[in-house]
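Asker: Okay, so here is query.pdb, and as you'll see once you scroll down, it has PDB, C-alpha atoms and all ligand atoms.
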ATOM      1  CA  MET A  74      -1.528  -9.027 -25.614
ATOM      2  CA  MET A  75      -0.251 -12.372 -26.853
ATOM      3  CA  ASP A  76      -0.095 -15.256 -24.422
ATOM      4  CA  PHE A  77       3.435 -16.539 -23.940
ATOM      5  CA  THR A  78       2.753 -18.766 -20.952
ATOM      6  CA  MET A  79       3.569 -21.877 -23.017
ATOM      7  CA  LYS A  80       7.177 -20.710 -22.808
ATOM      8  CA  ASN A  81       7.047 -20.585 -19.028
ATOM      9  CA  ILE A  82       9.306 -22.794 -16.972
ATOM     10  CA  ASP A  83       6.840 -23.948 -14.337
ATOM     11  CA  GLY A  84       8.706 -23.550 -11.062
ATOM     12  CA  LYS A  85       5.623 -24.404  -9.104
ATOM     13  CA  ALA A  86       5.223 -27.812 -10.768
ATOM     14  CA  ILE A  87       8.956 -28.590 -10.684
ATOM     15  CA  SER A  88       9.219 -27.591  -7.012
ATOM     16  CA  GLU A  89       6.257 -29.839  -6.240
ATOM     17  CA  ALA A  90       8.093 -32.757  -7.867
ATOM     18  CA  VAL A  91      11.207 -32.017  -5.764
ATOM     19  CA  ASN A  92       9.105 -31.648  -2.609
ATOM     20  CA  LYS A  93       7.369 -34.954  -3.265
ATOM     21  CA  GLU A  94      10.763 -36.693  -3.391
ATOM     22  CA  THR A  95      11.787 -34.978  -0.151
ATOM     23  CA  ALA A  96       8.556 -35.891   1.647
ATOM     24  CA  ALA A  97       8.927 -39.546   0.611
ATOM     25  CA  GLU A  98      12.507 -39.647   1.916
ATOM     26  CA  VAL A  99      11.523 -37.945   5.171
ATOM     27  CA  GLU A 100       8.756 -40.492   5.690
ATOM     28  CA  ALA A 101      11.045 -43.451   4.936
ATOM     29  CA  LEU A 102      13.682 -42.138   7.368
ATOM     30  CA  LYS A 103      11.039 -41.598  10.014
ATOM     31  CA  GLN A 104       9.969 -45.257   9.677
ATOM     32  CA  LYS A 105      13.573 -46.373   9.901
ATOM     33  CA  THR A 106      14.918 -44.124  12.675
ATOM     34  CA  GLY A 107      11.852 -42.791  14.497
ATOM     35  CA  LYS A 108      13.263 -39.288  13.914
ATOM     36  CA  VAL A 109      12.557 -36.444  11.509
ATOM     37  CA  PRO A 110      14.679 -33.560  10.198
ATOM     38  CA  GLY A 111      14.287 -30.242  12.021
ATOM     39  CA  LEU A 112      14.733 -26.686  10.737
ATOM     40  CA  ALA A 113      14.974 -23.481  12.783
ATOM     41  CA  VAL A 114      14.121 -20.261  10.982
ATOM     42  CA  VAL A 115      15.209 -17.061  12.697
ATOM     43  CA  LEU A 116      13.794 -13.666  11.798
ATOM     44  CA  VAL A 117      15.094 -10.443  13.320
ATOM     45  CA  GLY A 118      12.671  -7.537  12.970
ATOM     46  CA  ASP A 119       9.511  -7.214  10.936
ATOM     47  CA  ASN A 120      10.489  -6.715   7.304
ATOM     48  CA  PRO A 121       7.184  -7.562   5.581
ATOM     49  CA  ALA A 122       8.741  -9.546   2.708
ATOM     50  CA  SER A 123      10.962 -11.495   5.141
ATOM     51  CA  LYS A 124       7.910 -12.336   7.260
ATOM     52  CA  VAL A 125       6.219 -13.825   4.198
ATOM     53  CA  TYR A 126       9.320 -15.879   3.256
ATOM     54  CA  VAL A 127       9.795 -17.172   6.793
ATOM     55  CA  GLY A 128       6.115 -18.127   6.966
ATOM     56  CA  SER A 129       6.388 -19.998   3.644
ATOM     57  CA  LYS A 130       9.465 -21.917   4.799
ATOM     58  CA  VAL A 131       7.850 -23.024   8.046
ATOM     59  CA  ARG A 132       4.623 -23.992   6.266
ATOM     60  CA  LYS A 133       6.547 -26.087   3.729
ATOM     61  CA  CYS A 134       8.318 -27.941   6.558
ATOM     62  CA  GLY A 135       4.923 -28.910   7.934
ATOM     63  CA  GLU A 136       3.743 -30.161   4.534
ATOM     64  CA  LEU A 137       6.831 -32.352   4.082
ATOM     65  CA  GLY A 138       6.912 -33.849   7.582
ATOM     66  CA  ILE A 139       9.899 -31.751   8.695
ATOM     67  CA  TYR A 140       9.872 -30.389  12.250
ATOM     68  CA  SER A 141      10.326 -26.616  12.410
ATOM     69  CA  GLU A 142      10.788 -23.791  14.868
ATOM     70  CA  LYS A 143      10.188 -20.149  14.061
ATOM     71  CA  ILE A 144      12.139 -17.745  16.239
ATOM     72  CA  ILE A 145      11.330 -14.058  15.989
ATOM     73  CA  LEU A 146      13.524 -11.439  17.622
ATOM     74  CA  PRO A 147      12.610  -7.754  17.859
ATOM     75  CA  ALA A 148      14.072  -5.296  15.319
ATOM     76  CA  ASP A 149      16.331  -3.839  18.031
ATOM     77  CA  ALA A 150      17.719  -7.209  19.175
ATOM     78  CA  SER A 151      21.435  -7.115  19.855
ATOM     79  CA  GLN A 152      24.109  -9.165  18.161
ATOM     80  CA  ASP A 153      24.675 -11.045  21.428
ATOM     81  CA  GLU A 154      21.010 -11.945  21.739
ATOM     82  CA  LEU A 155      21.059 -13.406  18.255
ATOM     83  CA  LEU A 156      24.333 -15.243  18.899
ATOM     84  CA  ASP A 157      22.792 -16.753  22.053
ATOM     85  CA  VAL A 158      19.891 -18.081  19.996
ATOM     86  CA  ILE A 159      22.296 -19.582  17.473
ATOM     87  CA  LYS A 160      24.363 -21.203  20.213
ATOM     88  CA  ARG A 161      21.244 -22.842  21.621
ATOM     89  CA  LEU A 162      20.181 -24.075  18.173
ATOM     90  CA  ASN A 163      23.707 -25.349  17.419
ATOM     91  CA  ASN A 164      23.399 -27.559  20.523
ATOM     92  CA  ASP A 165      19.801 -28.698  19.950
ATOM     93  CA  PRO A 166      19.753 -32.278  18.589
ATOM     94  CA  ALA A 167      16.206 -31.839  17.210
ATOM     95  CA  ILE A 168      17.454 -29.038  14.946
ATOM     96  CA  HIS A 169      19.493 -30.066  11.891
ATOM     97  CA  GLY A 170      19.242 -26.834   9.922
ATOM     98  CA  ILE A 171      19.517 -23.192  11.019
ATOM     99  CA  LEU A 172      18.589 -20.262   8.826
ATOM    100  CA  VAL A 173      18.772 -16.582   9.746
ATOM    101  CA  GLN A 174      16.611 -14.696   7.282
ATOM    102  CA  SER A 175      18.520 -12.030   5.383
ATOM    103  CA  PRO A 176      18.657  -9.022   5.507
ATOM    104  CA  VAL A 177      19.219  -8.424   9.225
ATOM    105  CA  PRO A 178      18.966  -5.001  10.938
ATOM    106  CA  LYS A 179      22.064  -2.817  10.719
ATOM    107  CA  GLN A 180      23.246  -3.284  14.327
ATOM    108  CA  ILE A 181      23.882  -6.930  13.464
ATOM    109  CA  ASP A 182      27.045  -8.097  11.730
ATOM    110  CA  GLU A 183      25.667 -10.674   9.314
ATOM    111  CA  ALA A 184      29.057 -12.193   8.519
ATOM    112  CA  ALA A 185      29.718 -12.866  12.216
ATOM    113  CA  VAL A 186      26.289 -14.450  12.560
ATOM    114  CA  VAL A 187      26.848 -16.761   9.594
ATOM    115  CA  ASP A 188      30.227 -17.688  11.038
ATOM    116  CA  ALA A 189      28.609 -18.650  14.353
ATOM    117  CA  ILE A 190      26.255 -21.186  12.758
ATOM    118  CA  ASP A 191      27.481 -24.785  13.020
ATOM    119  CA  PRO A 192      28.638 -25.465   9.427
ATOM    120  CA  ASP A 193      26.889 -28.861   9.615
ATOM    121  CA  LYS A 194      23.593 -26.999  10.184
ATOM    122  CA  ASP A 195      24.202 -24.254   7.600
ATOM    123  CA  VAL A 196      21.324 -25.128   5.251
ATOM    124  CA  ASP A 197      21.629 -21.767   3.450
ATOM    125  CA  CYS A 198      25.195 -22.700   2.434
ATOM    126  CA  PHE A 199      26.410 -19.285   3.555
ATOM    127  CA  HIS A 200      29.252 -20.450   5.841
ATOM    128  CA  ALA A 201      32.789 -20.076   4.469
ATOM    129  CA  ARG A 202      33.473 -23.806   4.885
ATOM    130  CA  ASN A 203      30.476 -24.793   2.794
ATOM    131  CA  VAL A 204      30.981 -22.065   0.196
ATOM    132  CA  GLY A 205      34.600 -23.182  -0.054
ATOM    133  CA  ARG A 206      33.686 -26.824  -0.558
ATOM    134  CA  MET A 207      31.223 -25.876  -3.277
ATOM    135  CA  MET A 208      33.814 -23.689  -5.025
ATOM    136  CA  LEU A 209      36.198 -26.659  -4.942
ATOM    137  CA  GLY A 210      33.603 -28.692  -6.810
ATOM    138  CA  ASP A 211      32.312 -30.807  -3.936
ATOM    139  CA  PHE A 212      28.549 -30.787  -4.432
ATOM    140  CA  SER A 213      27.811 -33.573  -1.966
ATOM    141  CA  GLY A 214      27.190 -31.228   0.974
ATOM    142  CA  PHE A 215      24.959 -28.186   1.166
ATOM    143  CA  LEU A 216      24.350 -26.115  -1.952
ATOM    144  CA  PRO A 217      23.034 -22.535  -1.936
ATOM    145  CA  CYS A 218      19.247 -22.767  -2.233
ATOM    146  CA  THR A 219      18.470 -20.295  -5.013
ATOM    147  CA  PRO A 220      21.351 -21.168  -7.380
ATOM    148  CA  TRP A 221      20.710 -24.882  -6.796
ATOM    149  CA  GLY A 222      17.035 -24.270  -7.533
ATOM    150  CA  VAL A 223      17.965 -22.552 -10.806
ATOM    151  CA  MET A 224      20.134 -25.539 -11.797
ATOM    152  CA  GLN A 225      17.244 -27.893 -11.030
ATOM    153  CA  LEU A 226      14.877 -25.787 -13.143
ATOM    154  CA  LEU A 227      17.288 -25.985 -16.083
ATOM    155  CA  GLU A 228      17.977 -29.701 -15.676
ATOM    156  CA  ARG A 229      14.398 -30.764 -15.146
ATOM    157  CA  SER A 230      13.275 -28.655 -18.123
ATOM    158  CA  GLY A 231      15.830 -30.360 -20.362
ATOM    159  CA  ILE A 232      17.738 -27.126 -21.023
ATOM    160  CA  GLU A 233      21.299 -27.759 -22.184
ATOM    161  CA  THR A 234      23.968 -25.643 -20.471
ATOM    162  CA  LYS A 235      27.081 -27.348 -21.891
ATOM    163  CA  GLY A 236      29.072 -24.936 -24.029
ATOM    164  CA  LYS A 237      26.420 -22.231 -23.687
ATOM    165  CA  HIS A 238      27.118 -18.623 -22.797
ATOM    166  CA  ALA A 239      25.415 -17.844 -19.487
ATOM    167  CA  VAL A 240      25.266 -14.218 -18.379
ATOM    168  CA  ILE A 241      24.561 -13.596 -14.721
ATOM    169  CA  LEU A 242      23.266 -10.203 -13.688
ATOM    170  CA  GLY A 243      24.337  -9.532 -10.099
ATOM    171  CA  ARG A 244      27.336 -10.584  -7.998
ATOM    172  CA  SER A 245      25.695 -11.177  -4.609
ATOM    173  CA  ASN A 246      26.994 -13.799  -2.199
ATOM    174  CA  ILE A 247      23.519 -15.293  -2.064
ATOM    175  CA  VAL A 248      22.883 -15.742  -5.825
ATOM    176  CA  GLY A 249      25.305 -14.276  -8.392
ATOM    177  CA  LYS A 250      28.585 -15.584  -7.012
ATOM    178  CA  PRO A 251      27.522 -19.171  -6.290
ATOM    179  CA  MET A 252      25.549 -19.254  -9.551
ATOM    180  CA  THR A 253      28.812 -18.769 -11.475
ATOM    181  CA  ALA A 254      30.320 -21.778  -9.689
ATOM    182  CA  LEU A 255      27.414 -24.102 -10.444
ATOM    183  CA  LEU A 256      26.958 -23.083 -14.085
ATOM    184  CA  SER A 257      30.659 -23.315 -14.914
ATOM    185  CA  ALA A 258      31.232 -26.554 -12.968
ATOM    186  CA  LYS A 259      32.175 -29.785 -14.712
ATOM    187  CA  GLY A 260      28.954 -31.371 -15.892
ATOM    188  CA  ALA A 261      27.107 -28.067 -16.341
ATOM    189  CA  ASP A 262      29.946 -26.728 -18.512
ATOM    190  CA  ALA A 263      28.599 -23.272 -19.336
ATOM    191  CA  THR A 264      30.834 -20.292 -20.102
ATOM    192  CA  VAL A 265      29.899 -17.650 -17.572
ATOM    193  CA  THR A 266      29.971 -13.848 -17.631
ATOM    194  CA  VAL A 267      29.077 -11.866 -14.511
ATOM    195  CA  CYS A 268      27.645  -8.380 -14.936
ATOM    196  CA  HIS A 269      27.008  -5.985 -12.050
ATOM    197  CA  SER A 270      26.200  -2.392 -11.203
ATOM    198  CA  ARG A 271      29.573  -1.141 -12.482
ATOM    199  CA  THR A 272      29.555  -3.089 -15.742
ATOM    200  CA  GLN A 273      29.687  -0.845 -18.803
ATOM    201  CA  ASP A 274      27.102  -1.564 -21.496
ATOM    202  CA  ILE A 275      25.411  -4.582 -19.917
ATOM    203  CA  ALA A 276      23.287  -5.071 -23.051
ATOM    204  CA  SER A 277      26.403  -5.905 -25.078
ATOM    205  CA  TYR A 278      26.836  -8.967 -22.846
ATOM    206  CA  THR A 279      23.211 -10.002 -22.466
ATOM    207  CA  ARG A 280      22.646  -9.859 -26.243
ATOM    208  CA  SER A 281      25.190 -12.632 -26.731
ATOM    209  CA  ALA A 282      23.771 -14.797 -23.931
ATOM    210  CA  ASP A 283      22.137 -18.173 -24.487
ATOM    211  CA  ILE A 284      21.040 -18.165 -20.845
ATOM    212  CA  ILE A 285      20.470 -15.098 -18.658
ATOM    213  CA  VAL A 286      20.112 -15.317 -14.885
ATOM    214  CA  ALA A 287      18.797 -11.989 -13.623
ATOM    215  CA  ALA A 288      19.531 -11.432  -9.924
ATOM    216  CA  ILE A 289      20.217  -7.743  -9.752
ATOM    217  CA  GLY A 290      17.302  -6.566  -7.585
ATOM    218  CA  LYS A 291      15.979  -3.938  -9.981
ATOM    219  CA  PRO A 292      12.368  -4.223 -11.139
ATOM    220  CA  GLU A 293      12.061  -5.103 -14.861
ATOM    221  CA  PHE A 294      15.711  -4.266 -15.497
ATOM    222  CA  LEU A 295      16.143  -6.689 -18.414
ATOM    223  CA  ARG A 296      14.265  -5.301 -21.434
ATOM    224  CA  GLY A 297      13.292  -6.896 -24.721
ATOM    225  CA  ASP A 298      16.045  -5.221 -26.738
ATOM    226  CA  MET A 299      18.703  -6.667 -24.413
ATOM    227  CA  VAL A 300      18.120 -10.343 -25.270
ATOM    228  CA  LYS A 301      18.689 -12.407 -28.343
ATOM    229  CA  GLU A 302      16.042 -14.507 -30.026
ATOM    230  CA  GLY A 303      15.749 -17.944 -28.405
ATOM    231  CA  ALA A 304      17.515 -17.129 -25.125
ATOM    232  CA  VAL A 305      16.547 -18.893 -21.898
ATOM    233  CA  ILE A 306      15.634 -16.383 -19.193
ATOM    234  CA  ILE A 307      15.784 -17.122 -15.477
ATOM    235  CA  ASP A 308      14.338 -14.343 -13.340
ATOM    236  CA  VAL A 309      15.483 -14.474  -9.720
ATOM    237  CA  GLY A 310      14.110 -11.019  -8.844
ATOM    238  CA  ILE A 311      11.202 -10.506  -6.477
ATOM    239  CA  ASN A 312      10.512  -6.772  -6.256
ATOM    240  CA  ARG A 313       7.551  -5.118  -4.631
ATOM    241  CA  VAL A 314       6.317  -2.218  -6.735
ATOM    242  CA  GLU A 315       3.407   0.072  -5.958
ATOM    243  CA  ASP A 316       0.132  -0.936  -7.533
ATOM    244  CA  PRO A 317      -2.859   1.089  -6.372
ATOM    245  CA  SER A 318      -5.202  -1.207  -8.329
ATOM    246  CA  SER A 319      -4.277  -4.222  -6.181
ATOM    247  CA  GLU A 320      -5.789  -4.945  -2.779
ATOM    248  CA  LYS A 321      -2.376  -5.024  -1.086
ATOM    249  CA  GLY A 322      -1.269  -1.779  -2.732
ATOM    250  CA  TYR A 323       1.703  -3.479  -4.387
ATOM    251  CA  LYS A 324       2.509  -6.179  -6.897
ATOM    252  CA  LEU A 325       5.502  -8.466  -7.345
ATOM    253  CA  VAL A 326       7.644  -8.072 -10.433
ATOM    254  CA  GLY A 327      10.907  -9.731 -11.349
ATOM    255  CA  ASP A 328      14.157  -8.287 -12.671
ATOM    256  CA  VAL A 329      12.886  -9.057 -16.179
ATOM    257  CA  ALA A 330      10.301  -7.075 -18.159
ATOM    258  CA  TYR A 331       8.332 -10.259 -18.886
ATOM    259  CA  ASP A 332       5.976  -8.820 -21.536
ATOM    260  CA  GLU A 333       8.905  -7.557 -23.627
ATOM    261  CA  VAL A 334      11.290 -10.462 -23.098
ATOM    262  CA  ALA A 335       8.924 -13.463 -23.310
ATOM    263  CA  PRO A 336       8.196 -12.997 -27.053
ATOM    264  CA  LYS A 337      11.935 -13.379 -27.803
ATOM    265  CA  ALA A 338      12.792 -16.038 -25.223
ATOM    266  CA  SER A 339      12.611 -19.774 -25.894
ATOM    267  CA  ARG A 340      11.876 -20.430 -22.209
ATOM    268  CA  ILE A 341      11.339 -18.019 -19.311
ATOM    269  CA  THR A 342      10.536 -18.219 -15.607
ATOM    270  CA  PRO A 343       7.519 -16.206 -14.480
ATOM    271  CA  VAL A 344       7.393 -14.140 -11.263
ATOM    272  CA  PRO A 345       5.828 -15.372  -9.097
ATOM    273  CA  GLY A 346       5.854 -19.139  -9.715
ATOM    274  CA  GLY A 347       9.345 -19.493 -11.181
ATOM    275  CA  VAL A 348      12.491 -19.490  -9.061
ATOM    276  CA  GLY A 349      10.770 -18.603  -5.743
ATOM    277  CA  PRO A 350       9.226 -22.003  -4.946
ATOM    278  CA  MET A 351      12.462 -23.741  -6.009
ATOM    279  CA  THR A 352      14.472 -21.862  -3.367
ATOM    280  CA  ILE A 353      12.237 -23.273  -0.654
ATOM    281  CA  ALA A 354      12.285 -26.770  -2.184
ATOM    282  CA  MET A 355      16.112 -26.785  -2.131
ATOM    283  CA  LEU A 356      16.130 -25.500   1.456
ATOM    284  CA  MET A 357      14.056 -28.554   2.360
ATOM    285  CA  LYS A 358      16.566 -30.776   0.497
ATOM    286  CA  ASN A 359      19.459 -29.207   2.399
ATOM    287  CA  THR A 360      17.626 -29.814   5.680
ATOM    288  CA  LEU A 361      17.203 -33.451   4.676
ATOM    289  CA  ARG A 362      20.927 -33.646   3.817
ATOM    290  CA  ALA A 363      21.814 -32.192   7.224
ATOM    291  CA  PHE A 364      19.630 -34.795   8.938
ATOM    292  CA  LEU A 365      21.085 -37.645   6.838
ATOM    293  CA  LYS A 366      24.569 -36.648   7.934
ATOM    294  CA  THR A 367      23.617 -37.025  11.599
ATOM    295  CA  ILE A 368      22.383 -40.559  10.866
ATOM    296  CA  ASN A 369      25.067 -41.729   8.454
ATOM    297  CA  GLY A 370      27.965 -39.618   9.730
TER     298      GLY A 370
HETATM  299  N1  LIG A 401      16.887 -13.708   1.926
HETATM  300  C1  LIG A 401      16.586 -13.850   0.620
HETATM  301  N2  LIG A 401      16.839 -15.108   0.220
HETATM  302  C2  LIG A 401      17.312 -15.768   1.297
HETATM  303  C3  LIG A 401      17.758 -17.109   1.522
HETATM  304  O1  LIG A 401      17.798 -17.966   0.637
HETATM  305  N3  LIG A 401      18.156 -17.396   2.782
HETATM  306  C4  LIG A 401      18.152 -16.487   3.774
HETATM  307  N4  LIG A 401      18.566 -16.864   4.985
HETATM  308  N5  LIG A 401      17.763 -15.237   3.610
HETATM  309  C5  LIG A 401      17.338 -14.883   2.376
END
Go ahead and render the structure in this file as structure tokens.
Ligand code: GUN

Answerer:
Amino acid sequence: MMDFTMKNIDGKAISEAVNKETAAEVEALKQKTGKVPGLAVVLVGDNPASKVYVGSKVRKCGELGIYSEKIILPADASQDELLDVIKRLNNDPAIHGILVQSPVPKQIDEAAVVDAIDPDKDVDCFHARNVGRMMLGDFSGFLPCTPWGVMQLLERSGIETKGKHAVILGRSNIVGKPMTALLSAKGADATVTVCHSRTQDIASYTRSADIIVAAIGKPEFLRGDMVKEGAVIIDVGINRVEDPSSEKGYKLVGDVAYDEVAPKASRITPVPGGVGPMTIAMLMKNTLRAFLKTING
């Protein structure tokens, strides 16, 4: 097997650079105001992947000097219980950012929960007000963590998006939809195609793509014969697949068949160590932005 790691976009290193900037700003603001940003992370239930993500977010807060609270509700918690928690956090001056880890159990109406979060504390950028502002081209507020992280990966790797054809696989509210807005925005200037589960002949689109963002939630969906030579591949997928040879019994694979696609790609994000750490880094940035707003108005 050839080694294609020199093509890798190193999300770990780039996220560390972003986190270093955040930590320095947090420290400077602490000196100036005597206060630090605070993030509340709420998990309902015990989805194993969600538990890992929530743990990583809280740990990163600690590393960057950000105060954090982890709130865990049982899997059978009611909508009202969760809304009570959000109300308390909305009114807590030590908390500048609130995040409810998705997905939530089926008795909970996720849209109503997002709506209940104070938009000024909506560090996920899920609230209609913040999504709306972003769609209108105002990027000064919160930006959705994963799509923003992808844009940072591209920018900080010197990858040109202007005039390029970007194909996004997946139309989720969390990645696909906001990704189209950021890539096609003035300044980024890509031409964007969105493919999804009902798209006919996805390969006919991906083969003409200069940049592919795979966020479709299907393990190794993008194969080697679906990409053109020299394409830039961003793999947002994190799928757990059975692996009896590993200690945990599973391994993580992306939405891209790395071994097939890497030989053709000019640059590619690995899984893990690509987009994942960027999502958390941008969450920290949003938390800092939320805090700054309470100081500067
Ligand atoms: N689940 C998967 N990604 C995310 C994210 O960025 N934020 C939240 N709240 N839940 C998620």

Asker: Taking only C-alpha atoms into account, which of A:Glu142, A:Glu315, A:Asp153, A:Glu320 comes nearest Ala189 in chain A?

Answerer: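 Of A:Glu142, A:Glu315, A:Asp153, A:Glu320, the one nearest Ala189 in chain A is A:Asp153, counting only C-alpha atoms.
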
Asker: Do a neighbour search on His269 in chain A at 7 Å with only C-alpha atoms, toss out local chain neighbours closer than 3 positions, and write the hits as number ranges by chain.

Answerer: A: 242-244, 272

Asker: Of the candidates A:Pro178, A:Val248, A:Ala261, A:Gly297, which shows the shortest atom-to-atom distance to Asn120 in chain A, using all atoms listed in the file?

Answerer: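 Closest residue, counting all atoms listed in the file: A:Pro178.
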
Asker: Considering only C-alpha atoms, return as a list of chain:residue names whatever protein or nucleic-acid residues lie within 7 Å of Ser151 in chain A, sequence-local ones (same chain, fewer than 2 positions apart) excluded.

Answerer: A:Asp149, A:Asp153, A:Glu154, A:Leu155, A:Gln180, A:Ile181

Asker: Residues within 6 Å of ligand LIG 401 (chain A) should be enumerated using only C-alpha atoms and all ligand atoms and returned as an mmCIF file with C-alpha atoms, keeping the file's coordinate frame.

Answerer:
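Dumped everything to result-v6.cif:
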data_model
loop_
_atom_site.group_PDB
_atom_site.id
_atom_site.type_symbol
_atom_site.label_atom_id
_atom_site.label_comp_id
_atom_site.auth_asym_id
_atom_site.auth_seq_id
_atom_site.Cartn_x
_atom_site.Cartn_y
_atom_site.Cartn_z
ATOM 1 C CA LEU A 172 18.589 -20.262 8.826
ATOM 2 C CA VAL A 173 18.772 -16.582 9.746
ATOM 3 C CA GLN A 174 16.611 -14.696 7.282
ATOM 4 C CA SER A 175 18.520 -12.030 5.383
ATOM 5 C CA ASP A 197 21.629 -21.767 3.450
ATOM 6 C CA CYS A 218 19.247 -22.767 -2.233
#

Asker: So that I can see what lies close to range 274-282 of chain A, please list as a PyMOL selection string the residues with an atom at most 9 Å from it, counting only C-alpha atoms and leaving out residues fewer than 6 positions away in the same chain.

Answerer: chain A and resi 237-242+266+268+295+298-302+304-305

Asker: Counting only C-alpha atoms, which residue out of A:Ile341, A:Val117, A:Cys134, A:Ala335 sits closest to Asp76 in chain A?

Answerer: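 The shortest atom-to-atom distance to Asp76 in chain A comes from A:Ala335.
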